[in-house]
$ cat upload27.cif   # mmCIF, C-alpha atoms, pLDDT in the B column; chains and numbers go by the auth columns
data_coords
#
loop_
_atom_site.group_PDB
_atom_site.id
_atom_site.type_symbol
_atom_site.label_atom_id
_atom_site.label_comp_id
_atom_site.label_asym_id
_atom_site.label_seq_id
_atom_site.Cartn_x
_atom_site.Cartn_y
_atom_site.Cartn_z
_atom_site.B_iso_or_equiv
_atom_site.auth_seq_id
_atom_site.auth_asym_id
ATOM 1 C CA MET A 1 4.959 -101.715 79.968 52.00 1 A
ATOM 2 C CA GLU A 2 5.497 -100.825 76.317 63.00 2 A
ATOM 3 C CA HIS A 3 3.839 -97.894 74.574 60.00 3 A
ATOM 4 C CA ARG A 4 3.689 -97.465 70.845 71.00 4 A
ATOM 5 C CA ILE A 5 3.977 -93.726 71.470 71.00 5 A
ATOM 6 C CA PRO A 6 5.864 -92.468 74.549 73.00 6 A
ATOM 7 C CA ARG A 7 3.669 -90.925 77.220 74.00 7 A
ATOM 8 C CA PHE A 8 4.204 -87.328 78.319 81.00 8 A
ATOM 9 C CA THR A 9 6.399 -86.553 75.324 87.00 9 A
ATOM 10 C CA LEU A 10 6.946 -83.216 73.603 91.00 10 A
ATOM 11 C CA ASP A 11 7.744 -84.850 70.263 91.00 11 A
ATOM 12 C CA GLY A 12 4.573 -83.381 68.764 92.00 12 A
ATOM 13 C CA VAL A 13 5.744 -79.804 69.343 94.00 13 A
ATOM 14 C CA ARG A 14 9.447 -79.943 68.532 91.00 14 A
ATOM 15 C CA ASP A 15 9.432 -76.549 66.803 93.00 15 A
ATOM 16 C CA ALA A 16 7.928 -74.705 69.791 95.00 16 A
ATOM 17 C CA GLU A 17 9.444 -73.049 72.820 96.00 17 A
ATOM 18 C CA VAL A 18 7.888 -74.880 75.782 97.00 18 A
ATOM 19 C CA THR A 19 7.664 -73.491 79.314 97.00 19 A
ATOM 20 C CA VAL A 20 5.870 -74.968 82.329 97.00 20 A
ATOM 21 C CA HIS A 21 3.958 -72.785 84.771 98.00 21 A
ATOM 22 C CA PRO A 22 2.892 -74.418 88.055 98.00 22 A
ATOM 23 C CA PHE A 23 0.284 -72.582 90.110 98.00 23 A
ATOM 24 C CA ALA A 24 -1.992 -73.227 93.075 97.00 24 A
ATOM 25 C CA THR A 25 -5.738 -72.874 93.537 97.00 25 A
ATOM 26 C CA GLU A 26 -7.458 -71.181 96.455 96.00 26 A
ATOM 27 C CA ASP A 27 -8.344 -74.619 97.866 94.00 27 A
ATOM 28 C CA GLU A 28 -4.603 -75.416 97.897 93.00 28 A
ATOM 29 C CA LEU A 29 -4.245 -77.798 94.970 93.00 29 A
ATOM 30 C CA GLY A 30 -1.204 -77.637 92.690 94.00 30 A
ATOM 31 C CA LEU A 31 -2.012 -77.432 88.963 97.00 31 A
ATOM 32 C CA GLN A 32 -0.021 -76.692 85.833 97.00 32 A
ATOM 33 C CA LEU A 33 -0.106 -74.698 82.624 98.00 33 A
ATOM 34 C CA THR A 34 2.190 -75.456 79.692 98.00 34 A
ATOM 35 C CA ARG A 35 2.948 -72.679 77.231 98.00 35 A
ATOM 36 C CA PHE A 36 3.851 -73.418 73.607 98.00 36 A
ATOM 37 C CA ARG A 37 5.279 -70.468 71.687 96.00 37 A
ATOM 38 C CA ARG A 38 6.453 -70.225 68.131 93.00 38 A
ATOM 39 C CA ASP A 39 7.870 -67.040 66.644 81.00 39 A
ATOM 40 C CA HIS A 40 6.663 -66.378 63.129 60.00 40 A
ATOM 41 C CA THR A 41 4.783 -63.834 61.090 49.00 41 A
ATOM 42 C CA PRO A 42 1.277 -64.067 62.569 51.00 42 A
ATOM 43 C CA ALA A 43 -2.004 -63.886 60.723 51.00 43 A
ATOM 44 C CA GLN A 44 -3.771 -60.523 60.652 50.00 44 A
ATOM 45 C CA GLY A 45 -4.457 -59.563 64.273 52.00 45 A
ATOM 46 C CA ALA A 46 -3.321 -62.908 65.677 56.00 46 A
ATOM 47 C CA GLN A 47 -0.332 -61.335 67.444 67.00 47 A
ATOM 48 C CA ASP A 48 -2.811 -60.083 70.045 81.00 48 A
ATOM 49 C CA ASP A 49 -4.398 -63.489 70.571 95.00 49 A
ATOM 50 C CA VAL A 50 -3.680 -66.188 73.130 97.00 50 A
ATOM 51 C CA VAL A 51 -5.311 -69.626 73.005 98.00 51 A
ATOM 52 C CA LEU A 52 -6.032 -71.729 76.097 98.00 52 A
ATOM 53 C CA LEU A 53 -6.677 -75.468 75.632 98.00 53 A
ATOM 54 C CA VAL A 54 -8.680 -77.347 78.280 98.00 54 A
ATOM 55 C CA HIS A 55 -8.745 -81.176 78.296 97.00 55 A
ATOM 56 C CA GLY A 56 -11.535 -83.510 79.413 94.00 56 A
ATOM 57 C CA LEU A 57 -12.030 -86.270 81.954 89.00 57 A
ATOM 58 C CA THR A 58 -9.309 -88.978 82.220 83.00 58 A
ATOM 59 C CA SER A 59 -7.059 -87.140 79.765 91.00 59 A
ATOM 60 C CA SER A 60 -4.536 -84.300 80.020 94.00 60 A
ATOM 61 C CA SER A 61 -2.857 -81.581 78.007 96.00 61 A
ATOM 62 C CA ASP A 62 -1.161 -84.421 76.119 94.00 62 A
ATOM 63 C CA MET A 63 -4.293 -84.799 73.991 95.00 63 A
ATOM 64 C CA PHE A 64 -3.381 -81.516 72.279 97.00 64 A
ATOM 65 C CA ILE A 65 0.266 -82.366 71.451 96.00 65 A
ATOM 66 C CA MET A 66 0.127 -85.999 70.296 93.00 66 A
ATOM 67 C CA PRO A 67 3.048 -86.626 67.924 91.00 67 A
ATOM 68 C CA GLU A 68 1.408 -89.139 65.590 88.00 68 A
ATOM 69 C CA HIS A 69 -0.647 -86.574 63.664 89.00 69 A
ATOM 70 C CA THR A 70 -0.996 -82.828 63.160 92.00 70 A
ATOM 71 C CA ASN A 71 -2.054 -81.948 66.671 96.00 71 A
ATOM 72 C CA LEU A 72 -4.053 -78.907 67.781 97.00 72 A
ATOM 73 C CA VAL A 73 -1.069 -76.923 69.061 97.00 73 A
ATOM 74 C CA ARG A 74 0.793 -77.342 65.751 96.00 74 A
ATOM 75 C CA PHE A 75 -2.358 -76.501 63.804 96.00 75 A
ATOM 76 C CA LEU A 76 -2.843 -73.297 65.792 96.00 76 A
ATOM 77 C CA HIS A 77 0.815 -72.357 65.360 96.00 77 A
ATOM 78 C CA ASP A 78 0.618 -73.018 61.622 94.00 78 A
ATOM 79 C CA SER A 79 -2.531 -70.886 61.482 93.00 79 A
ATOM 80 C CA GLY A 80 -0.807 -67.858 62.984 92.00 80 A
ATOM 81 C CA PHE A 81 -1.592 -68.276 66.674 95.00 81 A
ATOM 82 C CA GLY A 82 1.879 -68.411 68.158 95.00 82 A
ATOM 83 C CA ASP A 83 1.008 -68.306 71.874 97.00 83 A
ATOM 84 C CA VAL A 84 -0.880 -71.419 73.009 98.00 84 A
ATOM 85 C CA TRP A 85 -1.401 -72.548 76.610 98.00 85 A
ATOM 86 C CA ALA A 86 -2.617 -75.967 77.745 98.00 86 A
ATOM 87 C CA LEU A 87 -4.144 -76.439 81.189 98.00 87 A
ATOM 88 C CA ASP A 88 -3.760 -79.530 83.366 97.00 88 A
ATOM 89 C CA PHE A 89 -6.437 -79.132 86.035 97.00 89 A
ATOM 90 C CA ARG A 90 -7.582 -81.531 88.759 93.00 90 A
ATOM 91 C CA MET A 91 -9.023 -84.020 86.231 91.00 91 A
ATOM 92 C CA SER A 92 -5.648 -84.447 84.511 92.00 92 A
ATOM 93 C CA ASN A 93 -4.144 -87.934 84.407 87.00 93 A
ATOM 94 C CA ARG A 94 -0.744 -86.296 84.842 88.00 94 A
ATOM 95 C CA PHE A 95 -1.334 -85.827 88.569 84.00 95 A
ATOM 96 C CA PRO A 96 -0.942 -88.720 91.031 78.00 96 A
ATOM 97 C CA TYR A 97 -3.632 -87.305 93.316 74.00 97 A
ATOM 98 C CA THR A 98 -6.309 -88.063 90.706 71.00 98 A
ATOM 99 C CA LEU A 99 -6.134 -91.674 91.944 66.00 99 A
ATOM 100 C CA GLU A 100 -6.779 -90.664 95.540 69.00 100 A
ATOM 101 C CA THR A 101 -10.255 -90.958 97.020 70.00 101 A
ATOM 102 C CA ARG A 102 -11.282 -87.316 96.996 74.00 102 A
ATOM 103 C CA ARG A 103 -14.752 -85.828 96.709 80.00 103 A
ATOM 104 C CA HIS A 104 -14.028 -83.063 94.228 87.00 104 A
ATOM 105 C CA THR A 105 -16.959 -81.952 92.106 91.00 105 A
ATOM 106 C CA LEU A 106 -17.375 -80.048 88.868 93.00 106 A
ATOM 107 C CA ASP A 107 -18.206 -77.031 91.036 96.00 107 A
ATOM 108 C CA ASP A 108 -14.712 -77.187 92.588 96.00 108 A
ATOM 109 C CA ILE A 109 -13.137 -77.044 89.141 97.00 109 A
ATOM 110 C CA ALA A 110 -15.350 -74.134 88.062 97.00 110 A
ATOM 111 C CA GLN A 111 -14.792 -72.223 91.297 98.00 111 A
ATOM 112 C CA TYR A 112 -11.071 -72.830 91.817 98.00 112 A
ATOM 113 C CA ASP A 113 -9.200 -74.289 88.819 98.00 113 A
ATOM 114 C CA HIS A 114 -10.233 -72.132 85.869 98.00 114 A
ATOM 115 C CA PRO A 115 -10.053 -68.770 87.692 98.00 115 A
ATOM 116 C CA ALA A 116 -6.575 -69.607 89.035 98.00 116 A
ATOM 117 C CA ALA A 117 -5.415 -70.685 85.565 98.00 117 A
ATOM 118 C CA LEU A 118 -6.667 -67.464 83.978 98.00 118 A
ATOM 119 C CA ARG A 119 -4.972 -65.387 86.672 98.00 119 A
ATOM 120 C CA GLU A 120 -1.682 -67.152 85.941 98.00 120 A
ATOM 121 C CA ILE A 121 -2.024 -66.615 82.193 98.00 121 A
ATOM 122 C CA ARG A 122 -2.945 -62.946 82.668 97.00 122 A
ATOM 123 C CA ARG A 123 0.175 -62.524 84.783 97.00 123 A
ATOM 124 C CA HIS A 124 2.222 -63.362 81.670 97.00 124 A
ATOM 125 C CA VAL A 125 0.142 -62.015 78.763 96.00 125 A
ATOM 126 C CA GLY A 126 -1.529 -58.954 80.263 94.00 126 A
ATOM 127 C CA ALA A 127 -4.605 -57.638 78.490 91.00 127 A
ATOM 128 C CA ARG A 128 -4.239 -59.662 75.288 95.00 128 A
ATOM 129 C CA ARG A 129 -7.310 -61.471 73.944 96.00 129 A
ATOM 130 C CA ILE A 130 -7.747 -65.019 75.277 98.00 130 A
ATOM 131 C CA HIS A 131 -9.644 -67.639 73.287 98.00 131 A
ATOM 132 C CA VAL A 132 -10.546 -70.981 74.868 98.00 132 A
ATOM 133 C CA VAL A 133 -10.904 -74.398 73.238 98.00 133 A
ATOM 134 C CA ALA A 134 -12.431 -76.747 75.803 98.00 134 A
ATOM 135 C CA HIS A 135 -13.223 -80.451 75.542 97.00 135 A
ATOM 136 C CA CYS A 136 -15.720 -82.734 77.350 94.00 136 A
ATOM 137 C CA LEU A 137 -16.043 -82.069 81.096 94.00 137 A
ATOM 138 C CA GLY A 138 -13.348 -79.448 80.738 96.00 138 A
ATOM 139 C CA SER A 139 -15.844 -77.616 78.547 97.00 139 A
ATOM 140 C CA VAL A 140 -18.714 -78.111 81.006 97.00 140 A
ATOM 141 C CA THR A 141 -16.670 -76.809 83.935 97.00 141 A
ATOM 142 C CA PHE A 142 -15.237 -73.899 81.964 98.00 142 A
ATOM 143 C CA HIS A 143 -18.752 -72.838 80.962 97.00 143 A
ATOM 144 C CA MET A 144 -19.863 -73.166 84.585 97.00 144 A
ATOM 145 C CA SER A 145 -16.995 -70.885 85.563 97.00 145 A
ATOM 146 C CA LEU A 146 -17.750 -68.427 82.771 97.00 146 A
ATOM 147 C CA PHE A 147 -21.514 -68.222 83.324 96.00 147 A
ATOM 148 C CA SER A 148 -21.122 -67.920 87.107 96.00 148 A
ATOM 149 C CA GLY A 149 -18.801 -64.948 86.632 97.00 149 A
ATOM 150 C CA ALA A 150 -15.794 -66.691 88.180 97.00 150 A
ATOM 151 C CA VAL A 151 -13.872 -65.981 84.958 97.00 151 A
ATOM 152 C CA SER A 152 -14.386 -63.093 82.574 95.00 152 A
ATOM 153 C CA GLU A 153 -12.802 -61.189 79.701 94.00 153 A
ATOM 154 C CA ILE A 154 -12.707 -64.219 77.399 97.00 154 A
ATOM 155 C CA ALA A 155 -12.743 -63.321 73.696 97.00 155 A
ATOM 156 C CA SER A 156 -14.279 -66.604 72.489 97.00 156 A
ATOM 157 C CA VAL A 157 -14.956 -70.194 73.513 97.00 157 A
ATOM 158 C CA VAL A 158 -15.058 -73.313 71.352 97.00 158 A
ATOM 159 C CA ALA A 159 -16.939 -76.088 73.157 96.00 159 A
ATOM 160 C CA ASN A 160 -16.067 -79.577 71.928 94.00 160 A
ATOM 161 C CA SER A 161 -18.597 -82.382 72.636 90.00 161 A
ATOM 162 C CA VAL A 162 -20.638 -80.548 75.285 91.00 162 A
ATOM 163 C CA ALA A 163 -21.143 -77.114 76.827 91.00 163 A
ATOM 164 C CA LEU A 164 -23.187 -75.698 79.697 88.00 164 A
ATOM 165 C CA THR A 165 -26.370 -77.777 79.502 87.00 165 A
ATOM 166 C CA PRO A 166 -25.648 -81.410 78.542 85.00 166 A
ATOM 167 C CA ARG A 167 -28.578 -83.623 77.630 87.00 167 A
ATOM 168 C CA VAL A 168 -28.171 -87.031 79.211 88.00 168 A
ATOM 169 C CA HIS A 169 -29.942 -90.057 77.712 93.00 169 A
ATOM 170 C CA PRO A 170 -32.292 -91.770 80.220 95.00 170 A
ATOM 171 C CA TRP A 171 -30.239 -95.007 80.151 94.00 171 A
ATOM 172 C CA ALA A 172 -27.042 -93.064 80.820 92.00 172 A
ATOM 173 C CA ARG A 173 -28.805 -91.121 83.596 92.00 173 A
ATOM 174 C CA LEU A 174 -29.767 -94.431 85.259 94.00 174 A
ATOM 175 C CA LYS A 175 -26.193 -95.711 85.017 90.00 175 A
ATOM 176 C CA LEU A 176 -24.867 -92.468 86.466 87.00 176 A
ATOM 177 C CA THR A 177 -27.331 -92.706 89.347 91.00 177 A
ATOM 178 C CA LEU A 178 -26.687 -96.342 90.260 90.00 178 A
ATOM 179 C CA GLY A 179 -23.201 -96.983 88.886 85.00 179 A
ATOM 180 C CA PRO A 180 -21.023 -95.188 91.441 82.00 180 A
ATOM 181 C CA ALA A 181 -22.730 -96.822 94.429 85.00 181 A
ATOM 182 C CA LEU A 182 -22.643 -100.273 92.822 85.00 182 A
ATOM 183 C CA LEU A 183 -18.983 -99.846 91.938 81.00 183 A
ATOM 184 C CA GLU A 184 -17.900 -98.495 95.299 81.00 184 A
ATOM 185 C CA TYR A 185 -19.939 -100.728 97.580 84.00 185 A
ATOM 186 C CA GLY A 186 -20.452 -103.735 95.326 83.00 186 A
ATOM 187 C CA THR A 187 -16.869 -104.233 94.151 82.00 187 A
ATOM 188 C CA GLY A 188 -14.989 -102.251 96.790 79.00 188 A
ATOM 189 C CA LEU A 189 -13.359 -100.058 94.136 75.00 189 A
ATOM 190 C CA SER A 190 -13.575 -96.364 94.875 72.00 190 A
ATOM 191 C CA TYR A 191 -12.494 -95.403 91.357 70.00 191 A
ATOM 192 C CA LEU A 192 -11.715 -96.906 87.954 70.00 192 A
ATOM 193 C CA ASP A 193 -8.308 -96.181 86.484 70.00 193 A
ATOM 194 C CA PRO A 194 -8.687 -95.475 82.735 67.00 194 A
ATOM 195 C CA ARG A 195 -5.513 -97.560 82.223 69.00 195 A
ATOM 196 C CA PHE A 196 -7.003 -100.463 84.192 73.00 196 A
ATOM 197 C CA ARG A 197 -6.433 -102.895 81.295 75.00 197 A
ATOM 198 C CA ASP A 198 -2.650 -102.397 81.486 75.00 198 A
ATOM 199 C CA ALA A 199 -2.404 -102.558 85.279 73.00 199 A
ATOM 200 C CA PRO A 200 -1.065 -105.621 87.092 74.00 200 A
ATOM 201 C CA ARG A 201 -3.649 -107.869 88.730 71.00 201 A
#
$ encode --input "upload27.cif" --output "structure tokens"
Amino acid sequence: MEHRIPRFTLDGVRDAEVTVHPFATEDELGLQLTRFRRDHTPAQGAQDDVVLLVHGLTSSSDMFIMPEHTNLVRFLHDSGFGDVWALDFRMSNRFPYTLETRRHTLDDIAQYDHPAALREIRRHVGARRIHVVAHCLGSVTFHMSLFSGAVSEIASVVANSVALTPRVHPWARLKLTLGPALLEYGTGLSYLDPRFRDAPR
């Protein structure tokens, strides 16, 4: 299978020091944080700041380091934020278990994934300020975690696309109600792979 841009590449962050930090949740699932550091003269006060990036459904931390344009990690580095972390939680397409038939919910992510990720980051950065940029269902689940009190001491949150209380169009609500049952019992497919188009028959 050919890709115009290699998958799981670090080409978009060549000028950063990259370290990988595996960790486990309380419900015994292995997740991963990737840290991107660049030494430079930071913007005023930015030396105290850490940024955590949270991806959405069917994507991964790769969405923040794509090499074909100025990605978010490079933008943050260029703007004086030299310590950026990207979380791959249980929605990440980097993990093979995302194609298993599990019954994880958004509540599981809010209760287990985000608190464990913040504990791991705090282990390395101490009491420094942590800012979060969260996308899609990563944003929903992070807000669920934050508003339930499962995570705390966050300096700021940028919610991309949606936050704590999404408004769902009636047509989309109907599809969400009927779609999973029709898919699972009508076609026999328990999930849809987002790369279905490229898969062999």
$ closest_atom_pairs --input "upload27.cif" --of "segment 115-192 of chain A" --to "segment 16-39 of chain A" --cutoff "9 Å" --atoms "all atoms listed in the file" --output "tab-separated table"
residue	atom	partner	partner_atom	distance
A:Pro115	CA	A:Thr25	CA	8.3
A:Ala116	CA	A:Thr25	CA	5.6
A:Ala117	CA	A:Leu33	CA	7.3
A:Glu120	CA	A:Phe23	CA	7.1
A:Ile121	CA	A:Leu33	CA	8.3
$ residues_around --input "upload27.cif" --residues "Asp107 of chain A" --least-positions-apart "2" --cutoff "12 Å" --atoms "all atoms listed in the file" --output "ChimeraX atom specification"
/A:90,103-105,109-114,137-138,140-146,148,150
$ resolve_selection --input "upload27.cif" --expression "the PyMOL selection byres ((chain A and resi 166-170) around 12)" --output "PyMOL selection string"
chain A and resi 136-137+139-141+143-144+159-165+171-177
$ atom_distance --input "upload27.cif" --atom1 "atom CA of Asp83 of chain A" --atom2 "atom CA of Val50 of chain A"
5.3 Å
$ atom_distance --input "upload27.cif" --atom1 "atom CA of Val151 of chain A" --atom2 "atom CA of Leu53 of chain A"
15.1 Å
$ closest_residue --input "upload27.cif" --among "A:Leu10, A:Ile65, A:Leu189, A:Val51" --to "Val158 of chain A" --atoms "all atoms listed in the file"
A:Val51
$ closest_residue --input "upload27.cif" --among "A:Asp108, A:Tyr97, A:Leu52, A:Ile5" --to "Phe81 of chain A" --atoms "only C-alpha atoms"
A:Leu52
$ atom_distance --input "upload27.cif" --atom1 "atom CA of Phe147 of chain A" --atom2 "atom CA of Arg94 of chain A"
27.6 Å
$ residues_around --input "upload27.cif" --residues "Arg128 of chain A" --least-positions-apart "4" --cutoff "9 Å" --atoms "all atoms listed in the file" --output "list of chain:residue names"
A:Gln47, A:Asp48, A:Asp49, A:Val50, A:Arg122
$ resolve_selection --input "upload27.cif" --expression "the PyMOL selection byres ((chain A and resi 93) around 12)" --output "PyMOL selection string"
chain A and resi 7-8+31+55-63+87-92+94-100+193-195
$ resolve_selection --input "upload27.cif" --expression "the PyMOL selection byres ((chain A and resi 67) around 9)" --output "list in words"
Ile5, Thr9, Leu10, Asp11, Gly12, Val13, Ile65, Met66, Glu68, His69, Thr70 and Asn71 of chain A
